[in-house]
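*Asks:* Attaching a single structure in structure tokens format; questions to follow.
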Amino acid sequence: MTLNGVMIDDTFAEAFGMRATRLLITADTLHWARIAAESFSGFATSVIGCGVEAGIERDLSEAETPDGRPGIALLAFAVSRDALGKALRDRVGQCVLTCPGTACFSGLVADAQVPLGRALRYFGDGQQTAKRIGGRRYWRIPVMDGEFVCDDQVGAQHAVGGGNFLILGRSRVAVLAAAERAIAAMRRVPEVVMPFPGGVVRSGSKVGSRYKFLPASTNDAFCPTLKGAVDTALDPDVASVLEIVIDGLTETAVAKATRVGIQAACAGAADGGVTRITAGNYGGKLGKYKFHLRELLQ
Amino acid sequence: MTRLSLKDELPVRLSAEGLVPERLSGVPVAEIERLPLAVGNRREHVGDWFRVRADDDAASVTFEGPCARLDCIGAGMTAGRIVVQDDAGAYLGRGMRGGELSVSGSAGYGAATDMRGGTIRVRGNVGDAVAGSLPGSAAGMRGGAVVIDGNAGAQAGQRLKRGLVVVGGDAGPICGAEMIAGTVVVGGSIGGNPGVAMRRGTIIGLGGAAMIGPTFADCGVHDLVIFRLLARHLVALGLAALASRLAPFRRWAGDAAVGGKGEILVPP
């Protein structure tokens, strides 16, 4: 199967069950809400090294936020509810509570909850107060520019993490341009984030390494500089590979983002820069979800 | 819908306890008329005092006629709707746990006492001790919302533990005394000594307060996010005009006499 002259591999992306939440971060201006959200998600690329994967879902208008101020919707994913709660406590505590004028709310209605304000409230040193308004319990923590207000708990739901596809091409410039096109299109899909820098990852990994302390290491089969030295997965003319990892609240959202991303990456690729699209998997033995590339594109 | 029309002005106080939608909906008129009613130490029946009509099985009860001496309307109700097309007596919605209760006139002493949930709307005024506690009880209202378009008497929200009390007009003295938590919003002015011995909670006096006790500390004027959240909730309750007045407030923290962390908010 080809799309705009780009080969689509007959393979699938393997993804995992995760726990996720959506945070609504508001501030006096969108600028400061974005700073808080970017701080939160700056070091949140992979659960392996960061404990959580997070990214900005979209901007929010004043009408869409609980306090009527501009805001950012942010999605965070972790391997368990406990891990998610710990990540929220640390990251909201260090990146949002500290950011001028911000407030933090739950953006997900779900049966399961993870603590937010009830974990952060102790920063108030006894001066914190809870306020229940319309069935929601908020915490008010005194800070130097007024109060930090946040929800007592935030909703957490089952989600999908690790959806992916790889873009292979003859030059780094061509592959990066294709990845940028894909990310631009995928950011318009709701309920997904691409947690790596700019949404793109160049250091795709395989499970394990020759070192005991390292659980994941470089995916040498996809490293162009090792084509002749290892059991490579690359064609002779491939000079660059970039991966896009997708975390989503639902399987449907991840599937849509994958389809939209591949279509955008392949659009305008007929000049020959991009040669192939493939996906990462573990033989289907580890992940709960499988996204077959050709089925998504039919 | 069940309609209960008082046949005449009540010569004595009468308790409407038990005449709630969940108990009356779907019950034949004759059976409702035979329900017992305690009048002083006499045992009488609903049919002796009310003309009963049932239009359909909807979980709704309407009280018609001069109800100012009819106490405990909606007491303990958990669901459905009660409409009082006149004044209501004492203890309106006492111990109410859910549903809607609306009064087109005024209500007497102790409305929403020990309330746990649901919504009460009074178009006129209410007497003393709205949303307060039962004698001997550690806490007053513990959930739901009470909206009074007119004025409230003394001791509104005494020992309020949870929920929202909105008074469109003025509130009498000692509003929010011994408050444990919750929110009282007064559109007009508040009488003297609001929040005496309050431990937590918020009292907002949009028209100011007559006298705030010396055990409250002036914390200055602030425009806080929590006001915006409260304003959104008021808009959802149909109180947009009141919500628009939730501007920066002067915050008085207290009551320090009991180590309280409550607050009284008044215009700067």
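Note on naming: chains are A, B, ... as they come in the structure tokens, residues start from 1 per chain, ligands start from 1 in the order shown.
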I'd like the contact shell of Ser133 in chain B - 9 Å cut-off, only C-alpha atoms, skipping same-chain residues fewer than 2 positions apart - returned as JSON, numbers by chain.
*Replies:* {"B": [110, 112, 113, 114, 115, 129, 130, 131, 135, 136, 137, 138, 139, 140, 141, 157, 158, 159, 160]}
*Asks:* Skip range 163-173 of chain A itself and residues of its chain fewer than 2 positions away, then list as a PDB file with N, CA and C atoms, in the first residue's frame all residues within 9 Å of it, counting only C-alpha atoms.
*Replies:*
ATOM      1  N   PHE A  12       1.640  -2.887  12.622  1.00  0.00           N
ATOM      2  CA  PHE A  12       0.744  -2.209  13.577  1.00  0.00           C
ATOM      3  C   PHE A  12       1.548  -1.560  14.703  1.00  0.00           C
ATOM      4  N   ALA A  13       0.937  -0.526  15.257  1.00  0.00           N
ATOM      5  CA  ALA A  13       1.498   0.108  16.453  1.00  0.00           C
ATOM      6  C   ALA A  13       0.886  -0.578  17.664  1.00  0.00           C
ATOM      7  N   GLU A  14       1.719  -0.859  18.634  1.00  0.00           N
ATOM      8  CA  GLU A  14       1.251  -1.540  19.838  1.00  0.00           C
ATOM      9  C   GLU A  14       1.197  -0.529  20.986  1.00  0.00           C
ATOM     10  N   ALA A  15       0.024  -0.404  21.606  1.00  0.00           N
ATOM     11  CA  ALA A  15      -0.141   0.605  22.665  1.00  0.00           C
ATOM     12  C   ALA A  15      -0.617  -0.061  23.947  1.00  0.00           C
ATOM     13  N   PHE A  16      -0.516   0.680  25.025  1.00  0.00           N
ATOM     14  CA  PHE A  16      -0.746   0.119  26.356  1.00  0.00           C
ATOM     15  C   PHE A  16      -1.886   0.823  27.084  1.00  0.00           C
ATOM     16  N   VAL A 160      -5.179   5.256  26.638  1.00  0.00           N
ATOM     17  CA  VAL A 160      -4.276   4.517  25.745  1.00  0.00           C
ATOM     18  C   VAL A 160      -2.970   5.291  25.606  1.00  0.00           C
ATOM     19  N   GLY A 161      -1.866   4.624  25.880  1.00  0.00           N
ATOM     20  CA  GLY A 161      -0.568   5.286  25.745  1.00  0.00           C
ATOM     21  C   GLY A 161       0.363   4.509  24.852  1.00  0.00           C
ATOM     22  N   VAL A 175      12.316  14.405   6.359  1.00  0.00           N
ATOM     23  CA  VAL A 175      11.576  13.663   7.387  1.00  0.00           C
ATOM     24  C   VAL A 175      11.071  14.610   8.474  1.00  0.00           C
ATOM     25  N   LEU A 176      11.894  15.580   8.865  1.00  0.00           N
ATOM     26  CA  LEU A 176      11.458  16.535   9.890  1.00  0.00           C
ATOM     27  C   LEU A 176      10.279  17.366   9.385  1.00  0.00           C
ATOM     28  N   ALA A 177      10.314  17.763   8.118  1.00  0.00           N
ATOM     29  CA  ALA A 177       9.202  18.534   7.549  1.00  0.00           C
ATOM     30  C   ALA A 177       7.919  17.703   7.563  1.00  0.00           C
ATOM     31  N   ALA A 178       8.051  16.427   7.254  1.00  0.00           N
ATOM     32  CA  ALA A 178       6.873  15.547   7.273  1.00  0.00           C
ATOM     33  C   ALA A 178       6.338  15.400   8.695  1.00  0.00           C
ATOM     34  N   ALA A 179       7.250  15.277   9.659  1.00  0.00           N
ATOM     35  CA  ALA A 179       6.823  15.154  11.060  1.00  0.00           C
ATOM     36  C   ALA A 179       6.121  16.426  11.527  1.00  0.00           C
ATOM     37  N   LEU A 234      16.061  -0.893   8.026  1.00  0.00           N
ATOM     38  CA  LEU A 234      16.013   0.227   7.089  1.00  0.00           C
ATOM     39  C   LEU A 234      16.445  -0.178   5.691  1.00  0.00           C
ATOM     40  N   ASP A 237      18.492   3.409   1.207  1.00  0.00           N
ATOM     41  CA  ASP A 237      18.446   4.859   0.951  1.00  0.00           C
ATOM     42  C   ASP A 237      17.913   5.673   2.124  1.00  0.00           C
ATOM     43  N   VAL A 238      17.588   5.053   3.248  1.00  0.00           N
ATOM     44  CA  VAL A 238      17.029   5.793   4.392  1.00  0.00           C
ATOM     45  C   VAL A 238      18.151   6.451   5.189  1.00  0.00           C
ATOM     46  N   ALA A 239      18.006   7.755   5.393  1.00  0.00           N
ATOM     47  CA  ALA A 239      19.023   8.505   6.132  1.00  0.00           C
ATOM     48  C   ALA A 239      18.508   9.065   7.443  1.00  0.00           C
ATOM     49  N   SER A 240      17.197   9.024   7.629  1.00  0.00           N
ATOM     50  CA  SER A 240      16.640   9.610   8.862  1.00  0.00           C
ATOM     51  C   SER A 240      15.309   8.943   9.197  1.00  0.00           C
ATOM     52  N   VAL A 241      15.075   8.777  10.496  1.00  0.00           N
ATOM     53  CA  VAL A 241      13.801   8.219  10.981  1.00  0.00           C
ATOM     54  C   VAL A 241      13.335   9.061  12.167  1.00  0.00           C
ATOM     55  N   LEU A 242      12.088   9.468  12.138  1.00  0.00           N
ATOM     56  CA  LEU A 242      11.495  10.161  13.293  1.00  0.00           C
ATOM     57  C   LEU A 242      10.208   9.446  13.682  1.00  0.00           C
ATOM     58  N   GLU A 243       9.967   9.419  14.980  1.00  0.00           N
ATOM     59  CA  GLU A 243       8.784   8.729  15.491  1.00  0.00           C
ATOM     60  C   GLU A 243       7.833   9.740  16.114  1.00  0.00           C
ATOM     61  N   ILE A 244       6.563   9.483  16.004  1.00  0.00           N
ATOM     62  CA  ILE A 244       5.556  10.283  16.703  1.00  0.00           C
ATOM     63  C   ILE A 244       4.805   9.355  17.643  1.00  0.00           C
ATOM     64  N   VAL A 245       4.856   9.657  18.921  1.00  0.00           N
ATOM     65  CA  VAL A 245       4.169   8.855  19.938  1.00  0.00           C
ATOM     66  C   VAL A 245       2.866   9.557  20.317  1.00  0.00           C
ATOM     67  N   ILE A 246       1.808   8.779  20.453  1.00  0.00           N
ATOM     68  CA  ILE A 246       0.480   9.354  20.698  1.00  0.00           C
ATOM     69  C   ILE A 246      -0.123   8.743  21.958  1.00  0.00           C
ATOM     70  N   ASP A 247      -0.530   9.585  22.890  1.00  0.00           N
ATOM     71  CA  ASP A 247      -1.306   9.159  24.054  1.00  0.00           C
ATOM     72  C   ASP A 247      -2.701   9.748  23.918  1.00  0.00           C
ATOM     73  N   GLY A 248      -3.708   8.952  24.180  1.00  0.00           N
ATOM     74  CA  GLY A 248      -5.071   9.461  24.027  1.00  0.00           C
ATOM     75  C   GLY A 248      -6.014   8.943  25.096  1.00  0.00           C
ATOM     76  N   VAL A 254      -6.864   7.892  19.549  1.00  0.00           N
ATOM     77  CA  VAL A 254      -5.505   7.559  19.116  1.00  0.00           C
ATOM     78  C   VAL A 254      -5.527   7.099  17.654  1.00  0.00           C
ATOM     79  N   ALA A 255      -6.517   6.309  17.302  1.00  0.00           N
ATOM     80  CA  ALA A 255      -6.629   5.833  15.921  1.00  0.00           C
ATOM     81  C   ALA A 255      -6.806   7.005  14.956  1.00  0.00           C
ATOM     82  N   THR A 258      -3.575   8.939  14.623  1.00  0.00           N
ATOM     83  CA  THR A 258      -2.601   8.196  13.813  1.00  0.00           C
ATOM     84  C   THR A 258      -2.916   8.361  12.328  1.00  0.00           C
ATOM     85  N   GLY A 261      -2.272  11.943  11.211  1.00  0.00           N
ATOM     86  CA  GLY A 261      -0.836  12.225  11.201  1.00  0.00           C
ATOM     87  C   GLY A 261      -0.150  11.614   9.991  1.00  0.00           C
ATOM     88  N   ILE A 262      -0.479  10.359   9.699  1.00  0.00           N
ATOM     89  CA  ILE A 262       0.154   9.694   8.545  1.00  0.00           C
ATOM     90  C   ILE A 262      -0.253  10.387   7.243  1.00  0.00           C
ATOM     91  N   ALA A 265       1.699  13.566   6.980  1.00  0.00           N
ATOM     92  CA  ALA A 265       3.124  13.307   6.722  1.00  0.00           C
ATOM     93  C   ALA A 265       3.348  12.935   5.258  1.00  0.00           C
ATOM     94  N   GLY A 272       9.817  12.666  -3.033  1.00  0.00           N
ATOM     95  CA  GLY A 272      10.777  11.598  -2.785  1.00  0.00           C
ATOM     96  C   GLY A 272      11.523  11.678  -1.487  1.00  0.00           C
ATOM     97  N   GLY A 273      11.293  12.704  -0.724  1.00  0.00           N
ATOM     98  CA  GLY A 273      12.021  12.838   0.541  1.00  0.00           C
ATOM     99  C   GLY A 273      11.612  11.799   1.556  1.00  0.00           C
ATOM    100  N   VAL A 274      10.307  11.534   1.637  1.00  0.00           N
ATOM    101  CA  VAL A 274       9.796  10.535   2.576  1.00  0.00           C
ATOM    102  C   VAL A 274       9.533   9.254   1.793  1.00  0.00           C
ATOM    103  N   THR A 275      10.002   8.143   2.308  1.00  0.00           N
ATOM    104  CA  THR A 275       9.892   6.896   1.544  1.00  0.00           C
ATOM    105  C   THR A 275       8.950   5.877   2.170  1.00  0.00           C
ATOM    106  N   ARG A 276       8.807   5.928   3.503  1.00  0.00           N
ATOM    107  CA  ARG A 276       8.093   4.807   4.137  1.00  0.00           C
ATOM    108  C   ARG A 276       7.514   5.231   5.480  1.00  0.00           C
ATOM    109  N   ILE A 277       6.376   4.639   5.826  1.00  0.00           N
ATOM    110  CA  ILE A 277       5.778   4.815   7.156  1.00  0.00           C
ATOM    111  C   ILE A 277       5.664   3.438   7.794  1.00  0.00           C
ATOM    112  N   THR A 278       6.132   3.335   9.009  1.00  0.00           N
ATOM    113  CA  THR A 278       5.992   2.061   9.715  1.00  0.00           C
ATOM    114  C   THR A 278       5.588   2.340  11.160  1.00  0.00           C
ATOM    115  N   ALA A 279       5.573   1.320  11.995  1.00  0.00           N
ATOM    116  CA  ALA A 279       5.144   1.514  13.386  1.00  0.00           C
ATOM    117  C   ALA A 279       5.923   0.578  14.288  1.00  0.00           C
ATOM    118  N   GLY A 280       5.956   0.931  15.550  1.00  0.00           N
ATOM    119  CA  GLY A 280       6.687   0.143  16.529  1.00  0.00           C
ATOM    120  C   GLY A 280       5.772  -0.801  17.282  1.00  0.00           C
ATOM    121  N   ASN A 281       6.221  -2.032  17.449  1.00  0.00           N
ATOM    122  CA  ASN A 281       5.439  -2.981  18.249  1.00  0.00           C
ATOM    123  C   ASN A 281       6.348  -4.026  18.879  1.00  0.00           C
ATOM    124  N   TYR A 289      -3.541  -2.698  22.986  1.00  0.00           N
ATOM    125  CA  TYR A 289      -4.157  -2.106  21.792  1.00  0.00           C
ATOM    126  C   TYR A 289      -3.233  -2.265  20.590  1.00  0.00           C
ATOM    127  N   LYS A 290      -3.844  -2.522  19.429  1.00  0.00           N
ATOM    128  CA  LYS A 290      -3.078  -2.619  18.185  1.00  0.00           C
ATOM    129  C   LYS A 290      -3.720  -1.698  17.152  1.00  0.00           C
ATOM    130  N   PHE A 291      -2.893  -0.888  16.528  1.00  0.00           N
ATOM    131  CA  PHE A 291      -3.378   0.042  15.500  1.00  0.00           C
ATOM    132  C   PHE A 291      -2.718  -0.343  14.176  1.00  0.00           C
ATOM    133  N   LEU A 293      -1.780  -0.005  10.584  1.00  0.00           N
ATOM    134  CA  LEU A 293      -1.668   1.214   9.777  1.00  0.00           C
ATOM    135  C   LEU A 293      -2.549   1.164   8.526  1.00  0.00           C
TER     136      LEU A 293
END
*Asks:* I'd like a table as CSV: residues in chain A with an atom no more than 10 Å from chain B, each row giving the shortest atom pair and its distance in Å to one decimal, only C-alpha atoms counted, sorted by chain and rising residue number.
*Replies:*
residue,atom,partner,partner_atom,distance
A:Thr26,CA,B:Val225,CA,9.9
A:Ala27,CA,B:Val225,CA,9.4
A:Asp28,CA,B:Val225,CA,9.7
A:Thr65,CA,B:Leu229,CA,9.8
A:Pro66,CA,B:Leu229,CA,6.4
A:Asp67,CA,B:Leu229,CA,5.2
A:Gly68,CA,B:Arg228,CA,7.0
A:Arg69,CA,B:Arg228,CA,9.0
A:Gly101,CA,B:Val225,CA,8.9
A:Thr102,CA,B:Val225,CA,9.0
A:Ala103,CA,B:Val225,CA,7.7
A:Gly126,CA,B:Lys261,CA,9.3
A:Gln127,CA,B:Lys261,CA,7.4
A:Gln128,CA,B:Lys261,CA,8.7
A:Thr129,CA,B:Lys261,CA,7.7
A:Ala130,CA,B:Gly201,CA,8.6
A:Lys131,CA,B:Gly182,CA,7.2
A:Arg132,CA,B:Gly182,CA,7.1
A:Ile133,CA,B:Leu230,CA,6.5
A:Gly134,CA,B:His233,CA,6.2
A:Gly135,CA,B:Gly163,CA,8.8
A:Tyr138,CA,B:Ile226,CA,8.6
A:Trp139,CA,B:Ile226,CA,9.4
A:Arg140,CA,B:Ile226,CA,7.8
A:Asp145,CA,B:Leu224,CA,9.8
A:Gly146,CA,B:Leu224,CA,6.8
A:Glu147,CA,B:Leu224,CA,6.8
A:Phe148,CA,B:Val225,CA,8.1
A:Val149,CA,B:Val225,CA,6.9
A:Cys150,CA,B:Ile226,CA,9.6
*Asks:* Work out how far apart CA of Leu206 in chain B and CA of Ala241 in chain B are and give it in Å to one decimal.
*Replies:*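 If I compute the distance from CA of Leu206 in chain B to CA of Ala241 in chain B, I get 11.8 Å.
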*Asks:* Fewer than 4 positions away in the same chain doesn't count, so skip those; otherwise give me all residues within 10 Å of Ala30 in chain B, counting only C-alpha atoms, as a compact mmCIF listing (two decimals) with N, CA and C atoms, in the first residue's frame.
*Replies:*
# COMPACT_ATOMS: atom_id res chain seq x y z
N ARG B 34 -57.53 10.36 54.17
CA ARG B 34 -57.57 9.58 55.41
C ARG B 34 -56.25 9.59 56.19
N LEU B 35 -55.23 10.21 55.60
CA LEU B 35 -53.94 10.24 56.30
C LEU B 35 -54.08 11.01 57.61
N VAL B 46 -56.18 14.46 57.09
CA VAL B 46 -55.87 15.47 56.07
C VAL B 46 -57.15 16.03 55.47
N GLY B 47 -58.10 15.16 55.21
CA GLY B 47 -59.35 15.58 54.60
C GLY B 47 -60.17 16.55 55.46
N VAL B 52 -58.49 17.93 48.72
CA VAL B 52 -57.42 17.21 48.02
C VAL B 52 -57.83 16.94 46.57
N ARG B 53 -56.91 17.25 45.67
CA ARG B 53 -57.12 16.91 44.26
C ARG B 53 -55.83 16.28 43.73
*Asks:* Rounded to one decimal in Å, what is the spacing between CA of Leu10 in chain B and CA of Ala152 in chain B?
*Replies:*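 Computing it gives 24.4 Å between the two atoms.
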*Asks:* Rank A:Ile56, A:Ser205, A:Thr225, A:Glu38 by their smallest atom-to-atom distance to Arg188 in chain A, using only C-alpha atoms, and report the top residue only.
*Replies:*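 That would be A:Ile56, the residue with the smallest distance to Arg188 in chain A.
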*Asks:* Do a neighbour search on range 16-25 of chain B at 9 Å with only C-alpha atoms, toss out local chain neighbours closer than 4 positions, and write the hits as a VMD selection string.
*Replies:* chain B and resid 1 to 2 32 37 54 56 to 61 70 to 82
*Asks:* Could you dump the residues just selected with C-alpha atoms as an mmCIF file, in the first residue's frame?
*Replies:*
data_model
loop_
_atom_site.group_PDB
_atom_site.id
_atom_site.type_symbol
_atom_site.label_atom_id
_atom_site.label_comp_id
_atom_site.auth_asym_id
_atom_site.auth_seq_id
_atom_site.Cartn_x
_atom_site.Cartn_y
_atom_site.Cartn_z
ATOM 1 C CA MET B 1 -49.561 16.545 40.838
ATOM 2 C CA THR B 2 -51.318 16.557 44.191
ATOM 3 C CA ILE B 32 -54.688 10.940 51.138
ATOM 4 C CA LEU B 37 -52.882 14.794 60.978
ATOM 5 C CA ALA B 54 -54.780 14.738 42.211
ATOM 6 C CA ASP B 56 -51.716 13.053 37.727
ATOM 7 C CA ASP B 57 -49.000 10.883 39.260
ATOM 8 C CA ALA B 58 -46.239 13.501 38.956
ATOM 9 C CA ALA B 59 -44.069 13.789 42.071
ATOM 10 C CA SER B 60 -45.289 17.265 42.868
ATOM 11 C CA VAL B 61 -47.376 18.728 45.670
ATOM 12 C CA LEU B 70 -48.832 25.528 58.255
ATOM 13 C CA ASP B 71 -45.494 24.396 59.659
ATOM 14 C CA CYS B 72 -42.910 21.865 58.477
ATOM 15 C CA ILE B 73 -43.906 22.006 54.815
ATOM 16 C CA GLY B 74 -41.508 19.769 52.917
ATOM 17 C CA ALA B 75 -39.876 18.494 56.102
ATOM 18 C CA GLY B 76 -37.645 15.552 55.288
ATOM 19 C CA MET B 77 -38.529 15.498 51.590
ATOM 20 C CA THR B 78 -36.010 13.658 49.438
ATOM 21 C CA ALA B 79 -37.223 14.232 45.881
ATOM 22 C CA GLY B 80 -39.897 15.846 43.765
ATOM 23 C CA ARG B 81 -41.277 19.329 43.975
ATOM 24 C CA ILE B 82 -43.404 21.269 46.433
#
*Asks:* So what do you get for CA of Val189 in chain A versus CA of Leu24 in chain A, distance-wise?
*Replies:*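 About the pair CA of Val189 in chain A and CA of Leu24 in chain A: they are 17.4 Å apart.
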*Asks:* Where does DSSP see strand (DSSP E or B) in range 99-237 of chain A, if you list the residues as a PyMOL selection string?
*Replies:* chain A and resi 103-106+112-115+129-133+136-143+146-151+153-169+192-193+201+205-207+216-218
*Asks:* Counting only C-alpha atoms, which residue out of A:Thr11, A:Thr45, A:Thr21, A:Ser61 sits closest to Leu116 in chain A?
*Replies:* A:Thr21
